>>> print(open('coords-v8.txt').read())   # compact mmCIF, C-alpha atoms and all ligand atoms
# COMPACT_ATOMS: atom_id res chain seq x y z
CA MET A 99 -55.91 -11.68 -16.05
CA LEU A 100 -55.00 -8.11 -16.51
CA ASN A 101 -52.98 -8.20 -13.34
CA GLN A 102 -51.26 -11.35 -14.45
CA LEU A 103 -50.43 -9.86 -17.84
CA PHE A 104 -49.10 -6.74 -16.14
CA SER A 105 -46.84 -8.89 -14.03
CA ILE A 106 -45.54 -10.74 -17.04
CA VAL A 107 -44.85 -7.49 -18.91
CA CYS A 108 -43.16 -6.00 -15.87
CA LEU A 109 -41.03 -9.06 -15.33
CA GLY A 110 -40.04 -8.96 -18.95
CA LEU A 111 -39.02 -5.33 -18.66
CA PHE A 112 -37.14 -6.03 -15.47
CA ALA A 113 -35.25 -8.91 -17.08
CA ALA A 114 -34.33 -6.72 -20.06
CA THR A 115 -33.18 -3.94 -17.74
CA ALA A 116 -31.14 -6.33 -15.63
CA ALA A 117 -29.46 -7.83 -18.66
CA ALA A 118 -28.51 -4.43 -20.06
CA ALA A 119 -27.28 -2.92 -16.79
CA PRO A 120 -23.55 -2.96 -16.06
CA ALA A 121 -22.30 -5.15 -13.22
CA PRO A 122 -22.67 -3.35 -9.89
CA ALA A 123 -19.60 -1.40 -8.90
CA CYS A 124 -17.72 -2.23 -5.77
CA SER A 125 -18.83 -0.51 -2.59
CA PRO A 126 -16.34 0.32 0.20
CA GLY A 127 -18.43 -1.60 2.73
CA GLU A 128 -17.88 -4.80 0.79
CA PHE A 129 -14.38 -4.25 -0.53
CA VAL A 130 -11.67 -6.15 1.37
CA ILE A 131 -8.28 -4.46 1.76
CA ALA A 132 -5.41 -6.24 3.51
CA LEU A 133 -2.74 -4.00 5.08
CA ASP A 134 0.48 -5.89 5.73
CA VAL A 135 2.82 -4.51 8.40
CA GLY A 136 6.28 -5.03 6.90
CA HIS A 137 8.96 -6.92 8.89
CA SER A 138 8.54 -8.30 12.40
CA LEU A 139 9.64 -8.00 16.02
CA HIS A 140 12.30 -10.62 15.39
CA SER A 141 13.51 -9.12 12.09
CA PRO A 142 12.59 -5.42 12.28
CA GLY A 143 14.06 -4.13 8.98
CA ALA A 144 15.98 -0.88 8.64
CA VAL A 145 17.08 1.22 11.63
CA SER A 146 16.19 4.91 11.53
CA ALA A 147 18.53 7.88 11.94
CA ARG A 148 17.53 7.97 15.60
CA GLY A 149 17.83 4.24 16.18
CA VAL A 150 14.17 3.19 15.88
CA PRO A 151 13.44 -0.07 14.03
CA GLU A 152 11.47 0.14 10.79
CA PHE A 153 8.91 -2.36 12.06
CA ARG A 154 7.66 0.16 14.61
CA PHE A 155 7.16 2.82 11.91
CA ASN A 156 5.30 0.28 9.76
CA GLN A 157 3.13 -0.84 12.67
CA GLU A 158 2.18 2.71 13.69
CA LEU A 159 1.46 3.94 10.16
CA ALA A 160 -0.58 0.83 9.33
CA ALA A 161 -2.74 1.47 12.40
CA VAL A 162 -3.42 5.06 11.25
CA VAL A 163 -4.21 3.88 7.72
CA ALA A 164 -6.49 1.12 9.01
CA ASP A 165 -8.43 3.62 11.14
CA ALA A 166 -8.78 6.00 8.20
CA LEU A 167 -10.02 3.22 5.91
CA THR A 168 -12.56 2.09 8.50
CA ALA A 169 -13.76 5.67 8.96
CA ALA A 170 -14.20 5.91 5.18
CA GLY A 171 -16.44 2.84 5.20
CA PHE A 172 -13.95 0.09 4.30
CA ARG A 173 -15.17 -1.97 7.22
CA LYS A 174 -14.02 -5.35 5.93
CA GLY A 175 -10.36 -4.38 5.79
CA PHE A 176 -7.86 -6.04 8.11
CA VAL A 177 -4.24 -5.72 9.21
CA ILE A 178 -1.79 -8.58 8.78
CA ASN A 179 1.04 -8.87 11.31
CA ALA A 180 -0.18 -6.04 13.55
CA ASP A 181 1.67 -7.56 16.52
CA GLY A 182 4.88 -8.29 14.63
CA ARG A 183 4.77 -12.03 15.22
CA ILE A 184 4.44 -13.15 11.59
CA ALA A 185 7.95 -13.63 10.28
CA SER A 186 7.14 -15.60 7.14
CA LEU A 187 6.32 -13.72 3.96
CA GLN A 188 4.31 -16.68 2.68
CA GLU A 189 2.20 -16.65 5.82
CA ARG A 190 1.20 -13.03 5.18
CA VAL A 191 0.05 -13.87 1.69
CA ALA A 192 -1.75 -16.99 2.92
CA GLU A 193 -3.71 -14.87 5.39
CA ALA A 194 -4.68 -12.40 2.67
CA ASN A 195 -5.83 -15.27 0.45
CA ARG A 196 -7.70 -17.01 3.26
CA ARG A 197 -9.60 -13.86 4.17
CA HIS A 198 -10.44 -13.09 0.53
CA ALA A 199 -8.60 -9.79 0.30
CA GLU A 200 -9.21 -7.97 -2.96
CA LEU A 201 -6.24 -5.65 -2.59
CA PHE A 202 -2.97 -6.18 -0.68
CA LEU A 203 -0.95 -3.17 0.49
CA ALA A 204 2.36 -3.75 2.25
CA ILE A 205 3.47 -0.85 4.47
CA HIS A 206 7.22 -0.19 4.74
CA HIS A 207 9.68 2.62 5.45
CA ASP A 208 12.76 3.15 3.36
CA SER A 209 16.52 2.96 3.71
CA VAL A 210 19.53 3.72 1.52
CA GLN A 211 22.60 1.78 0.42
CA PRO A 212 25.53 1.66 2.90
CA ARG A 213 27.73 3.89 0.69
CA TYR A 214 25.50 6.87 1.52
CA LEU A 215 25.55 6.47 5.29
CA SER A 216 27.30 8.85 7.69
CA GLU A 217 27.37 8.86 11.48
CA TRP A 218 26.05 11.34 14.01
CA THR A 219 25.81 11.27 17.78
CA ARG A 220 22.61 12.10 19.58
CA ASP A 221 22.15 11.90 23.36
CA GLY A 222 25.50 10.14 23.56
CA VAL A 223 24.54 7.41 21.07
CA THR A 224 26.00 7.14 17.58
CA HIS A 225 23.57 6.39 14.74
CA ARG A 226 23.86 6.04 10.99
CA TYR A 227 21.93 8.38 8.70
CA SER A 228 21.73 9.80 5.18
CA ASP A 229 20.01 13.06 4.31
CA ARG A 230 20.63 12.50 0.60
CA PHE A 231 17.24 10.98 -0.33
CA HIS A 232 13.71 11.87 0.67
CA GLY A 233 10.25 10.71 -0.33
CA PHE A 234 7.94 7.78 -1.01
CA SER A 235 8.13 4.96 -3.52
CA LEU A 236 5.75 2.25 -4.69
CA PHE A 237 6.55 -1.21 -6.01
CA VAL A 238 4.60 -3.64 -8.14
CA SER A 239 5.54 -7.11 -9.42
CA GLY A 240 5.15 -8.19 -13.04
CA LYS A 241 4.75 -11.72 -11.65
CA ASN A 242 1.60 -10.84 -9.72
CA PRO A 243 -1.31 -12.48 -11.56
CA GLN A 244 -3.15 -9.15 -11.47
CA PHE A 245 -0.34 -6.86 -12.52
CA ALA A 246 -2.56 -4.36 -14.38
CA ASP A 247 -4.75 -3.77 -11.34
CA SER A 248 -1.69 -3.62 -9.06
CA ARG A 249 -0.34 -0.93 -11.31
CA ARG A 250 -3.69 0.87 -11.31
CA PHE A 251 -3.73 1.08 -7.52
CA ALA A 252 -0.07 2.15 -7.42
CA ASN A 253 -0.87 4.97 -9.88
CA LEU A 254 -3.85 6.13 -7.84
CA ALA A 255 -1.85 6.01 -4.59
CA ALA A 256 1.06 7.94 -6.09
CA MET A 257 -1.25 10.57 -7.56
CA ALA A 258 -3.04 10.96 -4.24
CA LEU A 259 0.29 11.30 -2.41
CA THR A 260 1.70 13.86 -4.84
CA ALA A 261 -1.59 15.80 -4.71
CA ARG A 262 -1.02 16.11 -0.95
CA GLY A 263 2.50 17.47 -1.37
CA PHE A 264 4.53 14.27 -0.99
CA THR A 265 7.32 13.67 -3.47
CA PRO A 266 8.76 10.40 -4.78
CA THR A 267 12.35 9.30 -4.33
CA LEU A 268 14.10 7.84 -7.35
CA HIS A 269 17.12 6.34 -5.60
CA HIS A 270 16.02 2.76 -6.14
CA ALA A 271 16.66 3.22 -9.87
CA GLU A 272 20.35 4.06 -9.39
CA PRO A 273 22.57 1.59 -11.25
CA ILE A 274 24.43 0.46 -8.11
CA PRO A 275 24.48 -2.83 -6.17
CA GLY A 276 21.25 -3.29 -4.23
CA GLU A 277 19.26 -0.90 -6.42
CA GLY A 278 18.78 -0.75 -10.21
CA ARG A 279 15.01 -1.22 -10.03
CA PRO A 280 13.21 -0.40 -13.29
CA LEU A 281 11.16 2.77 -12.91
CA LEU A 282 7.71 2.44 -14.44
CA ASP A 283 6.89 6.08 -13.76
CA ALA A 284 9.51 8.54 -12.55
CA ALA A 285 7.00 11.33 -11.84
CA LEU A 286 5.01 9.01 -9.58
CA GLY A 287 7.85 6.99 -8.02
CA ILE A 288 6.51 3.62 -9.20
CA TYR A 289 9.00 0.80 -9.66
CA ARG A 290 8.77 -2.73 -10.95
CA PHE A 291 10.24 -5.36 -8.60
CA ASP A 292 9.11 -8.73 -9.95
CA ASP A 293 10.54 -10.97 -7.23
CA LEU A 294 9.29 -9.21 -4.11
CA ILE A 295 7.77 -12.28 -2.45
CA VAL A 296 4.58 -10.78 -1.05
CA LEU A 297 3.78 -9.04 -4.32
CA LYS A 298 4.36 -11.97 -6.63
CA ALA A 299 2.81 -14.61 -4.36
CA ALA A 300 -0.41 -12.67 -3.69
CA SER A 301 -3.34 -13.83 -5.79
CA MET A 302 -4.96 -10.39 -5.58
CA PRO A 303 -3.55 -7.05 -6.83
CA ALA A 304 -0.64 -6.13 -4.56
CA VAL A 305 1.45 -3.00 -3.98
CA LEU A 306 4.29 -2.22 -1.57
CA LEU A 307 4.56 1.33 -0.23
CA GLU A 308 7.80 2.77 1.12
CA ALA A 309 6.21 5.69 2.96
CA GLY A 310 9.44 7.66 3.38
CA VAL A 311 13.15 7.41 4.16
CA ILE A 312 13.71 6.90 7.89
CA LEU A 313 17.48 7.22 7.49
CA ASN A 314 16.86 10.87 6.54
CA ARG A 315 16.91 12.87 9.77
CA ASP A 316 14.25 15.41 8.79
CA GLU A 317 11.99 12.92 7.10
CA GLU A 318 12.24 10.52 10.02
CA ARG A 319 10.89 13.24 12.31
CA GLN A 320 8.04 13.98 9.89
CA LEU A 321 7.17 10.29 9.68
CA THR A 322 6.56 10.13 13.43
CA ASP A 323 4.17 13.09 13.32
CA THR A 324 0.48 12.18 13.69
CA ALA A 325 -0.80 14.80 11.23
CA TYR A 326 1.80 13.70 8.65
CA ARG A 327 0.76 10.07 9.04
CA GLN A 328 -2.88 11.05 8.69
CA ARG A 329 -2.04 12.86 5.45
CA ILE A 330 -0.44 9.66 4.09
CA ALA A 331 -3.49 7.71 5.27
CA GLY A 332 -5.77 10.23 3.53
CA ALA A 333 -3.95 9.58 0.27
CA ILE A 334 -4.37 5.83 0.65
CA VAL A 335 -8.06 6.21 1.42
CA ALA A 336 -8.55 8.42 -1.65
CA ALA A 337 -6.71 5.87 -3.82
CA ALA A 338 -8.77 3.01 -2.37
CA GLN A 339 -12.01 4.88 -3.08
CA GLN A 340 -11.03 5.56 -6.68
CA TYR A 341 -9.72 2.04 -7.15
CA CYS A 342 -12.89 0.55 -5.71
CA SER A 343 -15.11 2.66 -7.94
CA GLY A 344 -13.35 1.13 -10.94
CA VAL A 345 -13.90 -2.46 -9.79
CA GLN A 346 -16.81 -4.25 -11.45
CA ARG A 347 -18.37 -7.11 -9.53
CA PRO A 348 -18.99 -10.29 -11.52
ZN ZN B 401 10.94 -2.66 4.78
>>> encode(input="coords-v8.txt", output="structure tokens")
Amino acid sequence: MLNQLFSIVCLGLFAATAAAAPAPACSPGEFVIALDVGHSLHSPGAVSARGVPEFRFNQELAAVVADALTAAGFRKGFVINADGRIASLQERVAEANRRHAELFLAIHHDSVQPRYLSEWTRDGVTHRYSDRFHGFSLFVSGKNPQFADSRRFANLAAMALTARGFTPTLHHAEPIPGEGRPLLDAALGIYRFDDLIVLKAASMPAVLLEAGVILNRDEERQLTDTAYRQRIAGAIVAAAQQYCSGVQRP
């Protein structure tokens, strides 16, 4: 009887404790991050100052970021379009939805408007370049159903990048054709771009990272450097950890 009463009292206490406790926070081992490799083999995006297609930069950086996330315990993360065979933007989002991603990060490398391009010749081949702009930028869509959380991750990523010495580029805010994107935070290089398909069609929080300007000759070289890529990846891991710690499970 005593034992039974003890059990009842304990159960009651347990129930009260459970009811009062906050929902368990997200743990990296359970949190699902989708990394989308921007562009494709067929449509490879911008061409760098040394003639390398953007897709290859996106593919290589995404692989470094994926490894860093896995090493940090985000074991359920996955890469979309790692082989460059997904051309459709909708298909990328569909894969993220199907695999229950909780955060979507599109990896890109940046270009500039044609008016800023000059030509140089390297190893007998002429390429277009612009050394005018340098740095990262982040985009979020006001049409994403989870805009506030998209913005939260963008903030964390930008803060982690700037803490590691990276600087944002503000050239997408210039009032010229092809740009004119509203800046949400100039110090952090965060822009609003409502109609970016992958951002607005994703059902989970979604952010697009332009890791750097590959038309800039110095920055292009940095962006091919393993240690430099690992520093970018370190910033994304730090942002993911902080973001995850703020996620409450239902
Ligand atoms: Zn791109």
>>> closest_residue(input="coords-v8.txt", among="A:Ser125, A:Gln340, A:Gln157, A:Ser228", to="ligand ZN 401 (chain B)", atoms="only C-alpha atoms and all ligand atoms")
A:Gln157
>>> residues_near_ligand(input="coords-v8.txt", ligand="ligand ZN 401 (chain B)", cutoff="7 Å", atoms="only C-alpha atoms and all ligand atoms", output="ChimeraX atom specification")
/A:136-137,143-144,152,206-208
>>> closest_residue(input="coords-v8.txt", among="A:Asp134, A:Asp221, A:Glu200, A:Asp181", to="Tyr341 (chain A)", atoms="all atoms listed in the file")
A:Glu200
>>> closest_residue(input="coords-v8.txt", among="A:Gly149, A:Ala300, A:Arg329, A:Leu159", to="Arg196 (chain A)", atoms="only C-alpha atoms")
A:Ala300
>>> closest_residue(input="coords-v8.txt", among="A:Gly332, A:Gly182, A:Gly171, A:Pro243", to="Arg154 (chain A)", atoms="only C-alpha atoms")
A:Gly182
>>> closest_residue(input="coords-v8.txt", among="A:Val163, A:Ala185, A:Ile178, A:Leu297", to="Phe245 (chain A)", atoms="only C-alpha atoms")
A:Leu297
>>> decode(input="coords-v8.txt", residues="region 230-272 of chain A", atoms="C-alpha atoms", output="PDB file, in the first residue's frame")
ATOM      1  CA  ARG A 230      35.074  46.442 -57.728  1.00  0.00           C
ATOM      2  CA  PHE A 231      33.050  44.334 -55.254  1.00  0.00           C
ATOM      3  CA  HIS A 232      34.072  41.803 -52.648  1.00  0.00           C
ATOM      4  CA  GLY A 233      32.290  39.843 -49.946  1.00  0.00           C
ATOM      5  CA  PHE A 234      29.314  37.693 -49.005  1.00  0.00           C
ATOM      6  CA  SER A 235      25.602  38.375 -49.054  1.00  0.00           C
ATOM      7  CA  LEU A 236      22.525  36.600 -47.724  1.00  0.00           C
ATOM      8  CA  PHE A 237      18.992  36.618 -49.093  1.00  0.00           C
ATOM      9  CA  VAL A 238      15.643  35.863 -47.512  1.00  0.00           C
ATOM     10  CA  SER A 239      12.131  35.941 -49.004  1.00  0.00           C
ATOM     11  CA  GLY A 240       9.196  37.698 -47.366  1.00  0.00           C
ATOM     12  CA  LYS A 241       7.026  35.118 -49.155  1.00  0.00           C
ATOM     13  CA  ASN A 242       8.588  32.194 -47.309  1.00  0.00           C
ATOM     14  CA  PRO A 243       5.986  30.950 -44.804  1.00  0.00           C
ATOM     15  CA  GLN A 244       8.649  31.054 -42.094  1.00  0.00           C
ATOM     16  CA  PHE A 245      10.169  34.426 -42.829  1.00  0.00           C
ATOM     17  CA  ALA A 246      11.027  35.264 -39.206  1.00  0.00           C
ATOM     18  CA  ASP A 247      13.048  32.087 -38.756  1.00  0.00           C
ATOM     19  CA  SER A 248      14.672  32.537 -42.184  1.00  0.00           C
ATOM     20  CA  ARG A 249      15.746  35.963 -41.048  1.00  0.00           C
ATOM     21  CA  ARG A 250      16.975  34.569 -37.727  1.00  0.00           C
ATOM     22  CA  PHE A 251      19.259  32.079 -39.467  1.00  0.00           C
ATOM     23  CA  ALA A 252      20.480  34.736 -41.916  1.00  0.00           C
ATOM     24  CA  ASN A 253      21.373  36.993 -38.969  1.00  0.00           C
ATOM     25  CA  LEU A 254      23.250  34.217 -37.196  1.00  0.00           C
ATOM     26  CA  ALA A 255      25.117  33.244 -40.379  1.00  0.00           C
ATOM     27  CA  ALA A 256      26.095  36.836 -41.125  1.00  0.00           C
ATOM     28  CA  MET A 257      27.273  37.413 -37.560  1.00  0.00           C
ATOM     29  CA  ALA A 258      29.309  34.214 -37.641  1.00  0.00           C
ATOM     30  CA  LEU A 259      30.866  35.211 -40.980  1.00  0.00           C
ATOM     31  CA  THR A 260      31.733  38.743 -39.858  1.00  0.00           C
ATOM     32  CA  ALA A 261      33.156  37.356 -36.593  1.00  0.00           C
ATOM     33  CA  ARG A 262      35.553  35.315 -38.751  1.00  0.00           C
ATOM     34  CA  GLY A 263      36.712  38.340 -40.723  1.00  0.00           C
ATOM     35  CA  PHE A 264      34.433  38.100 -43.761  1.00  0.00           C
ATOM     36  CA  THR A 265      32.760  41.275 -44.955  1.00  0.00           C
ATOM     37  CA  PRO A 266      29.439  41.769 -46.740  1.00  0.00           C
ATOM     38  CA  THR A 267      29.055  43.281 -50.187  1.00  0.00           C
ATOM     39  CA  LEU A 268      26.292  45.835 -50.651  1.00  0.00           C
ATOM     40  CA  HIS A 269      26.261  45.961 -54.451  1.00  0.00           C
ATOM     41  CA  HIS A 270      22.916  44.220 -54.763  1.00  0.00           C
ATOM     42  CA  ALA A 271      21.263  47.310 -53.256  1.00  0.00           C
ATOM     43  CA  GLU A 272      22.502  49.631 -56.006  1.00  0.00           C
TER      44      GLU A 272
END
